[in-house]
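A.B. asks: Below: one structure in structure tokens.
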Amino acid sequence: MFKRTFLTAVLVLSQLFSKADEGMWLPTLLKTLNADAMYSKGLKIPIDSLFSLNSSSIKDAIVQFGGGCTGEIIGKSGLLLTNYHCGYSQVVQHSSVKDNYLTNGFWAMNLNEELPCTGLTATFIVRMEDVTESILPFINDSLKETEKTVKIKELSQIIVQKAIQGTHYDAEVKPFYYGNKYFLIVTEKFKDVRLVGAPPSSIGKFADETDNWMWPRQTGDFALFRIYADKSNNPADYSKENIPYKPKYVLPISLNGINENDFTMVYGFPGRTQEYLPMEAVRTLMNHTDPVRIELRKIRLEQMEQAMEHNDTVRIQYSSKHSSIKNGYTKWQGEILGLKRLNALAVKSQHEFDFFQWAKKNAKTEYQKVVSELNQLHIKQRPLSIAADYYFEAIKGVELLTFAETFSRLEKICSTNPVDEKALSELKTNLLKSTAGYFKNYDVAIDKAIMPMLLKEYIDKTPSGLEADLSFIAKKHKNNISRYCDYVLKKSVFADQKRAENFIQSFTPNKLSKLLNDPAYSLIKQCSLAYALKVLPEMTKITLEINNLQKVYMKGLMEIAAENKKNIYPDANFTLRVTYGKVEGYEPRDGIAYKYYTTLDGVAEKYDSTNYDFNVPQRLLELHKKKDYGNYATNGKIIPCFLASNHTTGGNSGSPVLNGKGQLIGINFDRVWEGTMSDIMFDPEKCRNITLDIRYVLFIVDKFAGAKWLIEEMNLVQ
């Protein structure tokens, strides 16, 4: 009987590592781990073409774009392609009433018209190297956890210094598999990146919030930039003397389009996944974290939407904020539904039981209690996690309070003796600048509607003993939260631009009491102090214990995978990864089947000049009516977007989607709503990444914008 149970356990555990198209794989390990699978699915080029240290390869065309996206080189003079939403802030930065690039789009017609983007960077991977043996042998169990952390940092610094000595490169050592492996990552960062082209937001963000996370999509989510370098082709700060970067590799662009079941790859920098969480961690997420965040964001969204609906100025002020808040709100709803549909808790429980049976059968004592101990820690941490969510989503969901907290820097400077007058003067200048920016997109009436509801949620639902002491509301305001919030908004200098600016300009250290007694500042300080003293220390302590046990659990999973000759990928951590799948549609619900592509007909069908999300330029509609598509159509149709089963997440925005020949066929920009649980549990039947077809990009650049000079720089192949 036991033997049969054990064999079942091995079978179930082996299935954990073998789902179709799942995985975010390290490109350095593709040759040993993934080559056979990739060739069997349709890869047609040598595996070394993807990642090589000895010659140029596809990895030399992939960049980390800014702080959270991916981009790719598509032109011989450093032309870079990414998502519109990744470059949106740069388009905003250069827009004005005179030059409204958001409404009209921007297209440079020569190098001199390209626009510098302050602070924007593009980072290439020079090399990745497994340095585990230079770290783990020196970390023994006799060291305390804090000592281990210090030792790993010291060893990593030695490795980094040796790697970049005498070069202009940067480097870091990052843990993988929860610290069971370490990799050195050497990078080259370019600091002169310029805006080349962007469609109007009505194309780049078509059906923006309405269709976010949804299918079908017809969004032209792309923007073009160019990397500049010094005359030696090395990174340099912005200078008029800089010249276009000469890339090591340029992605060829396929004009052949896509067909169902075609092989696809996504190459990029996925941000964060948690595929190996234990059951109780998933329970916290499903039953507490996501529901709390959804409910609190719903309050904010409803009040914003009411205000935006009746006031065009407010709509402009809050469109970006609303979009950002709703992005998580929508995603988390899909995540809960997906995890419930997959019966995630039962699946995790079965895996953990099987893991225990394997450990017991093989007398592996270090693994026998690890899962139960992990789950107990997650149960212990749960109220702290809930308290953190109410603090960040409710208290910090009130813009006034978040703004007031930025003035804590004044309190910090005034606490020194003597006060650094120069630093104080510089801070006041910066606060004046940030205050002007803050009030440009702020409507106090929205906070007035939101604040009482969020504050009540925080007071009523933060786990007992972990909340701030706000009993003064009952004493001084007869427990009338609305009346108290009116008082805060009326009396706080941070609720009005002129009062805030006057406060900053006249501030001196002997006026510190005015800051400390300000009702908005006092409230956020009390709540932040409660979080810092009651929640954060214990949460940090438990998190450290969880991480240590998760490392052991991961080590066991890696052993099982090796025994069964299965491959296991590390969770995403914003490092370069390759994922692969195929072009395919899906069935979201019973009786509904989605095709794998959309057409420009869908844009015309959704067009509504009175709806911001569905208004598009007449020029695009005219091209559609005339079917003036150039060489970019399939069977007389322009295809804006298509679906594939690649495993992606945040950070993959802007990632190139490649065919089996390593040719660019699209740009990744989203996932489908029914598959948003893929950060925790991948479902090959429902998880799909949404891709912007590269021929739609070419169509917009060539036929819509008339920027044919950019097309001529690209390597188009058939």
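Numbering starts fresh at 1 for the residues of each chain in the structure tokens, the chains themselves are lettered A, B, ... in the order given, and ligands are numbered from 1 as they appear.
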May I have the residues within 8 Å of Leu81 (chain A) as number ranges by chain, using only C-alpha atoms and disregarding those fewer than 3 positions away in the same chain?
C.D. replies: A: 71-74, 222-225, 654
A.B. asks: Emit the selected residues as a PDB file, in the first residue's frame, including N, CA and C atoms.
C.D. replies:
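Result saved to again.pdb:
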```pdb
ATOM      1  N   GLY A  71      12.845  45.925 -24.100  1.00  0.00           N
ATOM      2  CA  GLY A  71      12.856  46.483 -25.449  1.00  0.00           C
ATOM      3  C   GLY A  71      13.761  45.646 -26.323  1.00  0.00           C
ATOM      4  N   GLU A  72      13.739  45.903 -27.640  1.00  0.00           N
ATOM      5  CA  GLU A  72      14.575  45.135 -28.554  1.00  0.00           C
ATOM      6  C   GLU A  72      15.096  46.030 -29.674  1.00  0.00           C
ATOM      7  N   ILE A  73      16.276  45.692 -30.172  1.00  0.00           N
ATOM      8  CA  ILE A  73      16.903  46.453 -31.242  1.00  0.00           C
ATOM      9  C   ILE A  73      16.395  45.940 -32.583  1.00  0.00           C
ATOM     10  N   ILE A  74      15.844  46.862 -33.394  1.00  0.00           N
ATOM     11  CA  ILE A  74      15.270  46.461 -34.679  1.00  0.00           C
ATOM     12  C   ILE A  74      15.866  47.251 -35.843  1.00  0.00           C
ATOM     13  N   PHE A 222       2.878  50.309 -29.015  1.00  0.00           N
ATOM     14  CA  PHE A 222       4.306  50.343 -29.325  1.00  0.00           C
ATOM     15  C   PHE A 222       4.817  51.780 -29.362  1.00  0.00           C
ATOM     16  N   ALA A 223       6.112  51.914 -29.163  1.00  0.00           N
ATOM     17  CA  ALA A 223       6.809  53.191 -29.323  1.00  0.00           C
ATOM     18  C   ALA A 223       8.230  52.892 -29.760  1.00  0.00           C
ATOM     19  N   LEU A 224       8.834  53.844 -30.457  1.00  0.00           N
ATOM     20  CA  LEU A 224      10.190  53.689 -30.986  1.00  0.00           C
ATOM     21  C   LEU A 224      11.139  54.667 -30.320  1.00  0.00           C
ATOM     22  N   PHE A 225      12.305  54.178 -29.965  1.00  0.00           N
ATOM     23  CA  PHE A 225      13.360  54.984 -29.368  1.00  0.00           C
ATOM     24  C   PHE A 225      14.670  54.677 -30.094  1.00  0.00           C
ATOM     25  N   GLY A 654       6.813  44.821 -23.676  1.00  0.00           N
ATOM     26  CA  GLY A 654       7.798  45.253 -24.666  1.00  0.00           C
ATOM     27  C   GLY A 654       8.704  44.154 -25.154  1.00  0.00           C
TER      28      GLY A 654
END
```
A.B. asks: Can you pull out every residue from region 26-252 of chain A that DSSP, working from the backbone, puts in strand (DSSP E), and format the result as a PyMOL selection string?
C.D. replies: chain A and resi 62-65+69-73+79-82+106-107+115-116+122-130+170-176+181-190+192-198+223-229+243-244
A.B. asks: Contacts of region 146-158 of chain A at 9 Å or less, counting only C-alpha atoms, minus same-chain residues fewer than 3 places along, as an MDAnalysis selection string?
C.D. replies: chainID A and resid 134:136 138:141 143 161:163 172:174 184
A.B. asks: Looking at A:Lys433, A:Val535, A:Ala449, A:Lys361, which one is nearest to Leu384 (chain A), with distances taken over only C-alpha atoms?
C.D. replies: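 The answer is A:Val535, which sits nearest to Leu384 (chain A).
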A.B. asks: Considering only C-alpha atoms, can you say which of A:Arg127, A:Lys511, A:His310, A:Lys491 comes closest to Glu411 (chain A)?
C.D. replies: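 For Glu411 (chain A), the nearest of the given residues is A:Lys511.
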A.B. asks: Output as number ranges by chain all residues of region 44-135 of chain A that backbone DSSP marks as alpha helix (DSSP H).
C.D. replies: A: 84-94, 101-104
A.B. asks: Take the residues just selected and output them with N, CA and C atoms as a PDB file, in the first residue's frame.
C.D. replies:
```pdb
ATOM      1  N   TYR A  84       4.117  51.075 -26.014  1.00  0.00           N
ATOM      2  CA  TYR A  84       3.692  52.462 -25.809  1.00  0.00           C
ATOM      3  C   TYR A  84       3.547  52.753 -24.321  1.00  0.00           C
ATOM      4  N   HIS A  85       2.961  51.796 -23.597  1.00  0.00           N
ATOM      5  CA  HIS A  85       2.760  52.058 -22.173  1.00  0.00           C
ATOM      6  C   HIS A  85       4.072  52.098 -21.405  1.00  0.00           C
ATOM      7  N   CYS A  86       5.124  51.490 -21.956  1.00  0.00           N
ATOM      8  CA  CYS A  86       6.446  51.573 -21.320  1.00  0.00           C
ATOM      9  C   CYS A  86       7.099  52.929 -21.573  1.00  0.00           C
ATOM     10  N   GLY A  87       6.839  53.504 -22.744  1.00  0.00           N
ATOM     11  CA  GLY A  87       7.419  54.806 -23.081  1.00  0.00           C
ATOM     12  C   GLY A  87       6.460  55.958 -22.877  1.00  0.00           C
ATOM     13  N   TYR A  88       5.301  55.677 -22.271  1.00  0.00           N
ATOM     14  CA  TYR A  88       4.249  56.683 -22.136  1.00  0.00           C
ATOM     15  C   TYR A  88       4.724  57.935 -21.395  1.00  0.00           C
ATOM     16  N   SER A  89       5.462  57.734 -20.304  1.00  0.00           N
ATOM     17  CA  SER A  89       5.906  58.892 -19.518  1.00  0.00           C
ATOM     18  C   SER A  89       6.830  59.788 -20.329  1.00  0.00           C
ATOM     19  N   GLN A  90       7.582  59.194 -21.264  1.00  0.00           N
ATOM     20  CA  GLN A  90       8.467  60.003 -22.103  1.00  0.00           C
ATOM     21  C   GLN A  90       7.650  60.816 -23.103  1.00  0.00           C
ATOM     22  N   VAL A  91       6.579  60.233 -23.627  1.00  0.00           N
ATOM     23  CA  VAL A  91       5.699  60.974 -24.530  1.00  0.00           C
ATOM     24  C   VAL A  91       5.045  62.127 -23.774  1.00  0.00           C
ATOM     25  N   VAL A  92       4.606  61.851 -22.549  1.00  0.00           N
ATOM     26  CA  VAL A  92       4.004  62.893 -21.713  1.00  0.00           C
ATOM     27  C   VAL A  92       5.013  64.004 -21.439  1.00  0.00           C
ATOM     28  N   GLN A  93       6.243  63.613 -21.131  1.00  0.00           N
ATOM     29  CA  GLN A  93       7.304  64.573 -20.801  1.00  0.00           C
ATOM     30  C   GLN A  93       7.502  65.600 -21.914  1.00  0.00           C
ATOM     31  N   HIS A  94       7.387  65.157 -23.154  1.00  0.00           N
ATOM     32  CA  HIS A  94       7.640  66.040 -24.290  1.00  0.00           C
ATOM     33  C   HIS A  94       6.380  66.707 -24.833  1.00  0.00           C
ATOM     34  N   TYR A 101       1.668  65.520 -28.278  1.00  0.00           N
ATOM     35  CA  TYR A 101       2.051  64.228 -28.836  1.00  0.00           C
ATOM     36  C   TYR A 101       1.146  63.096 -28.346  1.00  0.00           C
ATOM     37  N   LEU A 102       0.460  63.302 -27.228  1.00  0.00           N
ATOM     38  CA  LEU A 102      -0.473  62.287 -26.751  1.00  0.00           C
ATOM     39  C   LEU A 102      -1.648  62.156 -27.714  1.00  0.00           C
ATOM     40  N   THR A 103      -2.162  63.284 -28.153  1.00  0.00           N
ATOM     41  CA  THR A 103      -3.302  63.277 -29.062  1.00  0.00           C
ATOM     42  C   THR A 103      -2.894  63.027 -30.509  1.00  0.00           C
ATOM     43  N   ASN A 104      -1.790  63.645 -30.913  1.00  0.00           N
ATOM     44  CA  ASN A 104      -1.407  63.627 -32.319  1.00  0.00           C
ATOM     45  C   ASN A 104      -0.332  62.611 -32.662  1.00  0.00           C
TER      46      ASN A 104
END
```
